[in-house]
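Structure data (mmCIF, C-alpha atoms) from data_39.cif:
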data_query
#
loop_
_atom_site.label_atom_id
_atom_site.label_comp_id
_atom_site.auth_asym_id
_atom_site.auth_seq_id
_atom_site.Cartn_x
_atom_site.Cartn_y
_atom_site.Cartn_z
CA MET G 104 0.00 0.00 0.00
CA THR G 105 1.28 3.47 -0.87
CA VAL G 106 0.59 6.74 0.88
CA SER G 107 -0.60 9.78 -1.07
CA ALA G 108 1.15 13.14 -0.87
CA ARG G 109 -2.04 14.71 0.45
CA ASP G 110 -2.24 12.19 3.29
CA MET G 111 1.43 12.65 4.10
CA ALA G 112 1.09 16.43 4.15
CA ALA G 113 -1.95 16.25 6.41
CA ALA G 114 -0.18 13.88 8.81
CA THR G 115 2.98 16.01 9.11
CA PRO G 116 4.07 16.28 12.77
CA THR G 117 4.19 19.82 14.10
CA ASP G 118 7.87 19.47 14.99
CA ARG G 119 9.00 18.32 11.51
CA ASP G 120 11.70 20.45 9.92
CA ARG G 121 9.91 21.27 6.69
CA TYR G 122 12.75 23.42 5.43
CA VAL G 123 14.93 20.35 4.93
CA ASP G 124 12.34 18.86 2.60
CA LEU G 125 12.27 22.09 0.62
CA LEU G 126 16.07 22.11 0.36
CA ARG G 127 16.08 18.54 -0.95
CA VAL G 128 13.62 19.38 -3.71
CA ALA G 129 15.20 22.74 -4.52
CA SER G 130 18.73 21.31 -4.77
CA LEU G 131 17.71 18.55 -7.19
CA ALA G 132 15.59 20.98 -9.22
CA THR G 133 18.57 23.35 -9.51
CA VAL G 134 20.80 20.51 -10.73
CA VAL G 135 18.20 19.54 -13.34
CA LEU G 136 17.90 23.12 -14.58
CA GLY G 137 21.68 23.46 -14.66
CA HIS G 138 22.05 20.33 -16.78
CA TRP G 139 19.40 21.53 -19.22
CA LEU G 140 21.16 24.88 -19.57
CA MET G 141 24.70 23.48 -19.86
CA ALA G 142 23.97 20.92 -22.58
CA ALA G 143 25.23 22.30 -25.89
CA VAL G 144 23.76 19.84 -28.36
CA SER G 145 24.47 19.84 -32.08
CA GLY G 146 24.13 17.28 -34.81
CA ASP G 147 27.66 16.09 -34.03
CA GLY G 148 27.11 15.36 -30.34
CA ILE G 149 26.84 17.01 -26.96
CA GLY G 150 29.17 19.67 -25.62
CA ASN G 151 29.23 21.90 -22.55
CA LEU G 152 28.01 25.49 -22.77
CA LEU G 153 30.33 26.55 -19.95
CA ALA G 154 33.34 25.35 -21.91
CA LEU G 155 32.19 27.29 -24.97
CA VAL G 156 31.49 30.47 -22.97
CA PRO G 157 34.01 30.43 -20.06
CA PRO G 158 32.71 33.63 -18.36
CA LEU G 159 29.48 31.75 -17.60
CA GLN G 160 31.43 29.41 -15.31
CA VAL G 161 30.86 31.85 -12.46
CA LEU G 162 27.22 30.71 -12.52
CA THR G 163 28.34 27.37 -11.07
CA TRP G 164 28.86 29.16 -7.76
CA ALA G 165 25.06 29.32 -7.57
CA LEU G 166 24.03 26.30 -9.66
CA GLN G 167 26.43 23.74 -8.14
CA VAL G 168 24.20 22.88 -5.19
CA MET G 169 25.04 19.21 -4.68
CA PRO G 170 26.67 20.14 -1.34
CA VAL G 171 23.22 21.21 -0.13
CA PHE G 172 21.83 17.78 -0.99
CA PHE G 173 24.58 16.02 0.98
CA PHE G 174 24.09 18.46 3.86
CA VAL G 175 20.37 17.65 3.93
CA GLY G 176 21.26 13.96 3.74
CA GLY G 177 23.43 14.23 6.85
CA PHE G 178 20.58 15.88 8.75
CA SER G 179 18.04 13.25 7.69
CA HIS G 180 20.38 10.32 8.31
CA ALA G 181 21.15 11.50 11.83
CA LEU G 182 17.46 11.76 12.74
CA SER G 183 16.59 8.45 11.09
CA TYR G 184 19.37 6.45 12.74
CA ARG G 185 18.69 7.90 16.18
CA SER G 186 14.99 7.21 15.81
CA LEU G 187 15.67 3.58 14.94
CA GLU G 188 18.01 3.22 17.91
CA ARG G 189 15.37 4.58 20.30
CA ARG G 190 12.68 2.26 18.99
CA ALA G 191 14.68 -0.92 18.48
CA GLU G 192 14.99 -1.70 22.22
CA GLY G 193 18.56 -2.91 22.00
CA ARG G 194 18.30 -4.80 18.71
CA PRO G 195 20.90 -4.10 15.99
CA VAL G 196 19.66 -1.40 13.66
CA TYR G 197 22.37 -1.06 11.00
CA ALA G 198 20.69 -3.33 8.44
CA ALA G 199 17.29 -1.76 9.10
CA PHE G 200 18.77 1.71 8.73
CA LEU G 201 20.40 0.89 5.39
CA ARG G 202 17.29 -0.73 4.04
CA ALA G 203 15.01 2.11 5.16
CA ARG G 204 17.27 4.81 3.71
CA LEU G 205 18.02 3.04 0.45
CA GLN G 206 14.72 1.50 -0.58
CA ARG G 207 13.30 4.64 -2.19
CA LEU G 208 16.68 5.44 -3.73
CA LEU G 209 17.67 2.10 -5.20
CA ARG G 210 14.36 0.99 -6.68
CA PRO G 211 13.91 3.94 -9.08
CA THR G 212 17.64 3.94 -9.84
CA LEU G 213 17.73 0.27 -10.80
CA VAL G 214 14.60 0.63 -12.92
CA PHE G 215 16.23 3.53 -14.75
CA VAL G 216 19.43 1.53 -15.28
CA LEU G 217 17.66 -1.58 -16.54
CA VAL G 218 15.36 0.33 -18.91
CA TRP G 219 18.27 2.27 -20.41
CA ALA G 220 20.44 -0.86 -20.62
CA ALA G 221 17.72 -2.59 -22.63
CA LEU G 222 17.41 0.44 -24.93
CA ALA G 223 21.19 0.65 -25.34
CA LEU G 224 21.42 -3.04 -26.20
CA ALA G 225 18.64 -2.76 -28.77
CA VAL G 226 20.25 0.31 -30.38
CA GLN G 227 23.67 -1.33 -30.56
CA LEU G 228 22.29 -4.59 -31.94
CA ALA G 229 20.71 -2.50 -34.68
CA GLY G 230 24.14 -0.99 -35.37
CA ARG G 231 23.09 2.57 -34.57
CA GLY G 232 24.86 3.36 -31.30
CA GLY G 233 28.23 4.58 -32.51
CA GLY G 234 28.12 8.30 -33.16
CA GLY G 235 26.02 11.43 -33.34
CA LEU G 236 23.41 12.27 -30.74
CA THR G 237 22.56 8.61 -30.08
CA GLY G 238 26.13 7.64 -29.29
CA ALA G 239 26.63 10.71 -27.10
CA ALA G 240 23.40 9.95 -25.24
CA LEU G 241 24.50 6.39 -24.47
CA ARG G 242 27.77 7.70 -23.08
CA MET G 243 26.38 10.51 -20.95
CA VAL G 244 22.94 9.43 -19.73
CA THR G 245 24.38 7.55 -16.74
CA GLN G 246 26.91 10.22 -15.74
CA PRO G 247 24.66 11.87 -13.09
CA LEU G 248 24.55 8.54 -11.25
CA TRP G 249 27.91 9.42 -9.65
CA PHE G 250 26.14 11.36 -6.93
CA ILE G 251 23.93 8.39 -6.06
CA GLY G 252 27.00 6.20 -5.63
CA ILE G 253 28.63 8.78 -3.33
CA TYR G 254 25.35 9.19 -1.44
CA LEU G 255 25.24 5.45 -0.79
CA ALA G 256 28.66 5.74 0.83
CA MET G 257 27.35 8.56 3.05
CA VAL G 258 24.54 6.30 4.23
CA ALA G 259 26.95 3.45 4.94
CA PHE G 260 29.29 5.66 6.98
CA THR G 261 26.53 7.37 8.97
CA PRO G 262 26.63 5.19 12.13
CA PRO G 263 30.39 5.50 12.87
CA LEU G 264 30.57 9.15 11.88
CA LEU G 265 27.49 9.93 13.94
CA LYS G 266 29.31 8.49 16.96
CA LEU G 267 32.34 10.60 16.10
CA HIS G 268 30.09 13.64 15.90
CA ALA G 269 28.49 12.85 19.27
CA ARG G 270 31.93 12.84 20.91
CA HIS G 271 33.63 15.72 19.14
CA GLY G 272 31.01 17.89 17.40
CA TRP G 273 32.64 20.61 15.30
CA ALA G 274 36.05 19.02 15.82
CA ALA G 275 34.90 16.00 13.77
CA PHE G 276 34.01 18.28 10.87
CA ALA G 277 37.31 20.13 11.28
CA ALA G 278 39.24 16.86 11.16
CA LEU G 279 37.58 15.84 7.89
CA ALA G 280 38.12 19.30 6.40
CA GLY G 281 41.75 19.28 7.54
CA ALA G 282 42.29 15.87 5.99
CA ALA G 283 40.81 17.13 2.71
CA ALA G 284 43.20 20.10 2.81
CA LEU G 285 46.14 17.78 3.48
CA VAL G 286 45.18 15.67 0.48
CA ASP G 287 45.30 18.76 -1.74
CA VAL G 288 48.71 19.72 -0.34
CA LEU G 289 50.03 16.24 -1.09
CA ARG G 290 48.47 16.40 -4.54
CA PHE G 291 49.45 19.87 -5.72
CA ALA G 292 52.55 20.73 -3.69
CA LEU G 293 54.22 17.34 -3.43
CA GLY G 294 52.83 15.55 -6.46
CA VAL G 295 51.84 12.38 -4.61
CA PRO G 296 50.06 10.18 -7.17
CA TYR G 297 46.47 8.99 -6.67
CA VAL G 298 46.10 10.65 -3.26
CA GLU G 299 43.49 13.03 -4.70
CA PHE G 300 40.91 10.23 -4.88
CA LEU G 301 40.68 10.22 -1.07
CA ASN G 302 38.77 13.47 -1.36
CA PHE G 303 35.83 11.70 -2.97
CA ALA G 304 35.20 10.57 0.60
CA LEU G 305 36.70 13.34 2.72
CA VAL G 306 35.07 16.35 1.05
CA TRP G 307 31.58 14.89 0.82
CA LEU G 308 31.77 13.36 4.29
CA ALA G 309 32.71 16.77 5.68
CA VAL G 310 29.64 18.37 4.06
CA HIS G 311 27.55 15.45 5.31
CA GLN G 312 28.91 16.09 8.81
CA LEU G 313 27.51 19.63 8.67
CA GLY G 314 24.09 17.99 8.44
CA PHE G 315 24.75 16.24 11.77
CA LEU G 316 25.59 19.61 13.28
CA ARG G 317 22.33 21.07 12.01
CA ALA G 318 20.40 18.13 13.45
CA ASP G 319 21.76 19.07 16.88
CA GLY G 320 21.16 22.80 16.40
CA ARG G 321 24.87 23.53 16.50
CA ILE G 322 25.13 25.76 13.42
CA THR G 323 24.46 28.88 15.46
CA ARG G 324 26.46 31.32 13.32
CA PRO G 325 25.54 30.55 9.72
CA ALA G 326 26.74 33.96 8.50
CA LEU G 327 30.22 33.25 9.86
CA LEU G 328 30.24 29.78 8.28
CA GLY G 329 29.09 31.15 4.94
CA ALA G 330 31.56 34.05 4.97
CA ALA G 331 34.47 31.77 5.86
CA GLY G 332 33.55 29.34 3.10
CA LEU G 333 33.09 32.03 0.48
CA ALA G 334 36.35 33.76 1.40
CA GLY G 335 38.19 30.46 1.35
CA ALA G 336 36.79 29.49 -2.05
CA VAL G 337 37.64 32.88 -3.57
CA LEU G 338 41.20 32.85 -2.22
CA LEU G 339 41.82 29.29 -3.37
CA VAL G 340 40.56 30.01 -6.89
CA VAL G 341 42.41 33.33 -7.21
CA PHE G 342 45.74 32.26 -5.74
CA GLY G 343 45.70 28.45 -5.93
CA PRO G 344 45.63 25.83 -8.67
CA TYR G 345 41.84 25.59 -8.59
CA PRO G 346 39.61 26.43 -11.59
CA LEU G 347 36.74 28.90 -11.44
CA SER G 348 34.08 26.34 -12.31
CA MET G 349 32.60 24.29 -9.49
CA VAL G 350 31.60 21.59 -11.98
CA GLY G 351 33.87 19.59 -14.23
CA MET G 352 34.90 21.05 -17.58
CA PRO G 353 35.92 18.92 -20.57
CA GLY G 354 39.67 18.79 -21.09
CA GLU G 355 40.65 20.70 -17.95
CA LYS G 356 43.76 19.54 -16.07
CA VAL G 357 42.21 20.17 -12.64
CA SER G 358 38.56 19.76 -11.73
CA ASN G 359 36.94 20.91 -8.51
CA MET G 360 34.50 18.03 -8.80
CA ALA G 361 36.34 14.91 -9.90
CA PRO G 362 38.03 14.43 -7.54
CA PRO G 363 36.56 17.04 -5.19
CA THR G 364 38.92 19.71 -3.90
CA LEU G 365 39.24 21.94 -0.86
CA ALA G 366 37.77 24.72 -3.01
CA LEU G 367 34.59 22.69 -3.47
CA LEU G 368 34.42 22.06 0.28
CA CYS G 369 34.67 25.82 0.92
CA HIS G 370 31.96 26.31 -1.70
CA GLY G 371 29.81 23.84 0.22
CA MET G 372 30.42 25.72 3.47
CA TRP G 373 29.21 29.01 2.05
CA LEU G 374 26.14 27.35 0.53
CA VAL G 375 25.27 25.75 3.89
CA GLY G 376 25.68 29.08 5.64
CA ALA G 377 23.51 30.79 3.03
CA VAL G 378 20.64 28.30 3.20
CA GLN G 379 20.75 28.37 7.00
CA LEU G 380 20.25 32.13 6.94
CA LEU G 381 17.07 31.60 4.91
CA ALA G 382 15.63 28.96 7.24
CA ARG G 383 13.42 31.22 9.36
CA PRO G 384 11.60 33.12 6.56
CA ALA G 385 11.22 29.89 4.61
CA GLY G 386 9.67 28.19 7.66
CA ALA G 387 6.83 30.71 7.76
CA TRP G 388 6.16 30.20 4.04
CA LEU G 389 6.16 26.41 4.41
CA ALA G 390 3.51 26.61 7.13
CA ARG G 391 0.96 27.37 4.41
CA PRO G 392 -0.97 24.16 3.63
CA ARG G 393 -0.85 24.51 -0.17
CA VAL G 394 2.87 25.25 -0.18
CA TRP G 395 3.64 22.32 2.07
CA HIS G 396 1.46 19.95 0.04
CA GLY G 397 3.41 20.99 -3.07
CA VAL G 398 6.75 20.30 -1.35
CA VAL G 399 5.57 16.88 -0.16
CA ALA G 400 4.32 15.98 -3.63
CA ALA G 401 7.59 17.12 -5.22
CA ASN G 402 9.63 15.14 -2.69
CA GLY G 403 7.71 12.04 -3.64
CA VAL G 404 8.94 12.18 -7.25
CA ALA G 405 12.19 14.18 -6.95
CA MET G 406 14.53 11.22 -7.45
CA THR G 407 12.52 9.90 -10.40
CA ALA G 408 12.60 13.33 -12.03
CA PHE G 409 16.34 13.60 -11.47
CA LEU G 410 17.01 10.19 -13.00
CA TRP G 411 14.99 10.85 -16.15
CA HIS G 412 15.61 14.57 -16.78
CA LEU G 413 18.53 13.98 -19.17
CA THR G 414 16.43 11.45 -21.06
CA ALA G 415 13.77 14.12 -21.48
CA MET G 416 16.28 16.72 -22.66
CA LEU G 417 17.78 14.29 -25.17
CA GLY G 418 14.28 13.40 -26.33
CA VAL G 419 13.55 17.07 -27.09
CA TYR G 420 16.71 17.42 -29.15
CA GLY G 421 16.09 14.06 -30.84
CA ALA G 422 12.58 15.12 -31.82
CA GLN G 423 13.94 18.37 -33.23
CA LEU G 424 16.39 16.45 -35.42
CA ALA G 425 13.76 13.89 -36.44
CA LEU G 426 11.45 16.69 -37.60
CA GLY G 427 14.22 18.11 -39.74
CA LEU G 428 14.56 21.26 -37.69
CA ALA G 429 18.06 22.67 -37.69
CA LEU G 430 19.92 22.89 -34.41
CA PRO G 431 21.47 26.37 -34.12
CA GLY G 432 25.07 26.63 -33.04
CA PRO G 433 25.40 26.55 -29.24
CA ALA G 434 25.59 29.97 -27.55
CA THR G 435 24.39 31.80 -30.70
CA ALA G 436 21.47 34.22 -30.55
CA ALA G 437 19.17 31.64 -32.17
CA TRP G 438 20.28 29.03 -29.64
CA TRP G 439 19.54 31.31 -26.69
CA ALA G 440 16.14 32.18 -28.17
CA GLN G 441 15.21 28.49 -28.13
CA VAL G 442 16.30 27.93 -24.52
CA PRO G 443 12.89 28.73 -22.88
CA VAL G 444 11.03 26.51 -25.34
CA ARG G 445 13.47 23.62 -24.88
CA ILE G 446 13.25 23.85 -21.11
CA LEU G 447 9.44 23.88 -21.17
CA LEU G 448 9.37 20.87 -23.48
CA ALA G 449 11.96 19.02 -21.39
CA ALA G 450 9.94 19.74 -18.25
CA ALA G 451 6.78 18.41 -19.90
CA LEU G 452 8.53 15.25 -21.08
CA THR G 453 10.09 14.77 -17.64
CA ALA G 454 6.62 15.01 -16.11
CA LEU G 455 5.41 12.32 -18.52
CA LEU G 456 8.33 10.04 -17.59
CA VAL G 457 7.66 10.69 -13.89
CA ALA G 458 4.04 9.65 -14.38
CA CYS G 459 5.27 6.37 -15.91
CA PHE G 460 7.93 5.54 -13.30
CA ARG G 461 6.89 7.31 -10.10
CA ARG G 462 5.41 4.15 -8.58
CA PHE G 463 8.92 2.78 -8.07
CA GLU G 464 9.68 5.71 -5.76
CA ALA G 465 6.36 5.55 -3.90
CA PRO G 466 6.81 5.13 -0.13
CA ALA G 467 5.61 1.92 1.45
CA GLY G 468 3.52 1.71 4.60
CA ARG G 469 4.74 2.71 8.03
CA SER G 470 6.03 -0.67 9.14
CA THR G 471 9.80 -0.89 9.47
CA ARG G 472 11.93 -4.00 9.46
CA THR G 473 14.47 -4.36 12.21
CA GLY G 474 16.87 -7.03 13.21
CA GLY G 475 18.70 -8.94 10.52
CA GLY G 476 18.07 -11.70 8.11
CA ALA G 477 20.37 -13.22 5.58
CA GLY G 478 23.37 -12.13 7.57
CA GLY G 479 21.94 -8.89 8.96
CA GLY G 480 24.51 -6.13 9.25
CA PRO G 481 27.34 -7.83 7.31
CA ALA G 482 25.03 -8.63 4.40
CA ALA G 483 23.73 -5.07 4.38
CA ALA G 484 27.27 -3.68 4.41
CA ALA G 485 28.30 -5.98 1.56
CA GLY G 486 25.16 -5.05 -0.36
CA ILE G 487 25.65 -1.30 -0.10
CA THR G 488 29.32 -1.69 -1.10
CA LEU G 489 28.33 -3.58 -4.23
CA CYS G 490 25.65 -0.99 -4.99
CA LEU G 491 27.92 2.00 -4.70
CA LEU G 492 30.69 0.34 -6.73
CA GLY G 493 28.24 -0.73 -9.40
CA ILE G 494 26.53 2.63 -9.72
CA LEU G 495 29.80 4.56 -9.66
CA GLY G 496 31.21 2.19 -12.26
CA LEU G 497 28.20 2.65 -14.51
CA SER G 498 28.45 6.45 -14.23
CA MET G 499 32.00 6.11 -15.61
CA THR G 500 31.48 3.50 -18.32
CA GLY G 501 28.20 4.73 -19.76
CA LEU G 502 26.12 2.39 -21.91
CA GLY G 503 27.83 2.98 -25.23
CA GLY G 504 30.05 -0.10 -25.26
CA LEU G 505 27.84 -2.94 -24.04
CA LEU G 506 28.73 -5.22 -26.94
CA GLU G 507 32.38 -4.19 -27.26
CA GLY G 508 33.28 -4.67 -23.58
CA HIS G 509 34.14 -0.99 -23.06
CA THR G 510 35.81 -0.52 -19.66
CA ALA G 511 36.54 2.30 -17.21
CA VAL G 512 38.93 2.25 -14.28
CA LEU G 513 37.19 2.11 -10.90
CA ILE G 514 39.58 2.17 -7.93
CA ALA G 515 42.46 0.88 -10.06
CA LEU G 516 40.38 -1.97 -11.53
CA PRO G 517 38.74 -2.07 -14.97
CA VAL G 518 34.98 -2.45 -14.95
CA THR G 519 32.47 -2.92 -17.78
CA ALA G 520 28.89 -1.69 -17.89
CA PRO G 521 27.38 -5.22 -17.60
CA ALA G 522 29.59 -5.94 -14.58
CA ALA G 523 28.59 -2.65 -12.98
CA ILE G 524 24.90 -3.38 -13.53
CA GLY G 525 25.35 -6.86 -12.06
CA MET G 526 27.04 -5.44 -8.94
CA ALA G 527 24.28 -2.88 -8.42
CA VAL G 528 21.49 -5.44 -8.76
CA ALA G 529 23.23 -7.99 -6.51
CA GLY G 530 23.92 -5.31 -3.92
CA ALA G 531 20.31 -4.15 -3.87
CA PHE G 532 19.19 -7.75 -3.38
CA LEU G 533 21.53 -8.15 -0.40
CA VAL G 534 20.35 -4.91 1.21
CA GLU G 535 16.73 -5.99 0.78
CA ARG G 536 17.39 -9.48 2.17
CA SER G 537 19.32 -8.12 5.15
CA GLY G 538 16.12 -6.78 6.66
CA SER G 539 13.69 -9.47 5.55
CA ALA G 540 13.75 -11.84 8.50
CA ARG G 541 10.82 -10.26 10.25
CA ARG G 542 8.75 -7.12 10.20
CA VAL G 543 8.28 -5.26 13.42
CA ARG G 544 5.93 -2.32 13.76
CA LEU G 545 7.85 0.15 15.84
CA ARG G 546 6.04 2.03 18.55
CA GLY G 547 5.42 5.76 17.97
#

Spell out the structure here as structure tokens.
Amino acid sequence: MTVSARDMAAATPTDRDRYVDLLRVASLATVVLGHWLMAAVSGDGIGNLLALVPPLQVLTWALQVMPVFFFVGGFSHALSYRSLERRAEGRPVYAAFLRARLQRLLRPTLVFVLVWAALALAVQLAGRGGGGLTGAALRMVTQPLWFIGIYLAMVAFTPPLLKLHARHGWAAFAALAGAAALVDVLRFALGVPYVEFLNFALVWLAVHQLGFLRADGRITRPALLGAAGLAGAVLLVVFGPYPLSMVGMPGEKVSNMAPPTLALLCHGMWLVGAVQLLARPAGAWLARPRVWHGVVAANGVAMTAFLWHLTAMLGVYGAQLALGLALPGPATAAWWAQVPVRILLAAALTALLVACFRRFEAPAGRSTRTGGGAGGGPAAAAGITLCLLGILGLSMTGLGGLLEGHTAVLIALPVTAPAAIGMAVAGAFLVERSGSARRVRLRG
């Protein structure tokens, strides 16, 4: 049985932090809009508008809002894990926590992966997946999955890092930030090879840790946090080896995103400070029933919309080509004139795809599984590891080389798209089985 958005909105507890739900929706919506704007599509493939018009890269300081999503994740994970601990009456909760946090994330993601894998296989069997818009689509459509893989790691690390936070508070965040800074020193000043990949964990875990601090009401000076982050980011970009763009640019020697840098962490700090300053006025707005119902409804389909938004954008461009309509050169006056129309059409097609696939994101009933089956905690840990490796691997390989065995290097090991899909599916099965021994309705 599923629960409607209207019922969920009406049953909202008075003490719920509604602003966090708004931030989750707003951050994903901003990423979607940013992707639609940045895609510079022509008959020869897909480029990046920010690479073609470098001055526009300053916009990434507003549009790169993934740190807000990880910050919100830290807040939600802290509350969820603590709630399970209170209700479990001494039973292990790790497997139940993983399953509860991942169910609504993995189901729509795996459906997206399997549908696109089937399409990619059919296209390549027909001999039409090599070049042009089709080939570019098969390579890029899975790229946004990187953030889901990283997010899975944040979920897995929540219990130990939450204990670290309980003991040390701000010092735990400072330790992670300091470690990220040390990695950049080793990378840029000393030239230590491969050390930069540690910041895939350290930078995002530090932002995630800020969510723990918010959950405990310990971000009491958001203006100071935001100012320190903004000043740090500006100084690092102006005087350090860091690029202006807070998203990856094709062909650049250094990216702030892959791997993440100290500049991106500072960017995340100023974003967290900024959104915290807006919390009070936003809270009054969210108290309006219609506004809150809209936020609840959007939250119920946000992940589905994120997964399929590139498909919608590519569909709009594909339809334009199929109808024989010329694609103007990216960043030309004609191209800019078409931007509003393309965005409206992509939004409409995204809504259609959401209507088709939203049921896979629909929340289940209130009952929560606790305890462990099929190995409990160890099986859950193995499952989430396979999931994150599989999804990260797929974001790197794309779906363009299914028949040729195209590989990408994931943690020093080559991985193919079929292998990545297999790991993700097997991992999801393990996570699901880890909580399937019994179902316990928790009190409260």

Residues returned when the PyMOL selection byres ((chain G and resi 243) around 9) runs on this file, as a PyMOL selection string: chain G and resi 149+238-242+244-247+413+498-499+501-503

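With only C-alpha atoms as the atoms that count, the minimum distance from Ala181 in chain G to the choices G:Asn302, G:Thr435, G:Gln227, G:Gln312 is reached by G:Gln312.
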
Residue neighbourhood Leu417 in chain G, 12 Å, all atoms listed in the file, exclusion window fewer than 5 positions, as a PyMOL selection string: chain G and resi 138-139+142-146+148-149+235-241+243-244+411-412+422-425+445-446+448-450+452-453

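Nearest-residue note for Ala377 in chain G: choosing from G:Ala326, G:Leu279, G:Leu228, G:Leu506, the minimum distance belongs to G:Ala326, counting all atoms listed in the file.
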
Straight-line distance linking CA of Ile322 in chain G with CA of Leu367 in chain G, stated in Å to one decimal: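 CA of Leu367 in chain G lies at a distance of 19.6 Å from CA of Ile322 in chain G.
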
The PyMOL selection byres ((chain G and resi 496) around 12) resolved against shown file, as a PyMOL selection string: chain G and resi 245-253+488-495+497-502+509-527

Answer as a VMD selection string, residues within 9 Å of (25.1, 26.9, -28.6) using all atoms listed in the file: chain G and resid 142 to 145 150 to 152 155 430 to 439

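Of the residues under consideration (G:Ser348, G:Ser358, G:Thr261, G:Ser186), G:Ser348 shows the shortest atom-to-atom contact distance to Trp164 in chain G when counting all atoms listed in the file.
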
Evaluate the PyMOL selection byres ((chain G and resi 117-134) around 6) and report residues as an MDAnalysis selection string: chainID G and resid 116 135:137 168 172 402

d(CA of Gln167 in chain G, CA of Leu328 in chain G) in Å: 17.9 Å

Nearest residue to Leu301 in chain G from the set G:Ile487, G:Leu166, G:Val399, G:Val286 (distances using only C-alpha atoms): G:Val286

Residue nearest Thr407 in chain G - candidates G:Gly177, G:Gly329, G:Pro211, G:Gly343, atoms counted: only C-alpha atoms: G:Pro211
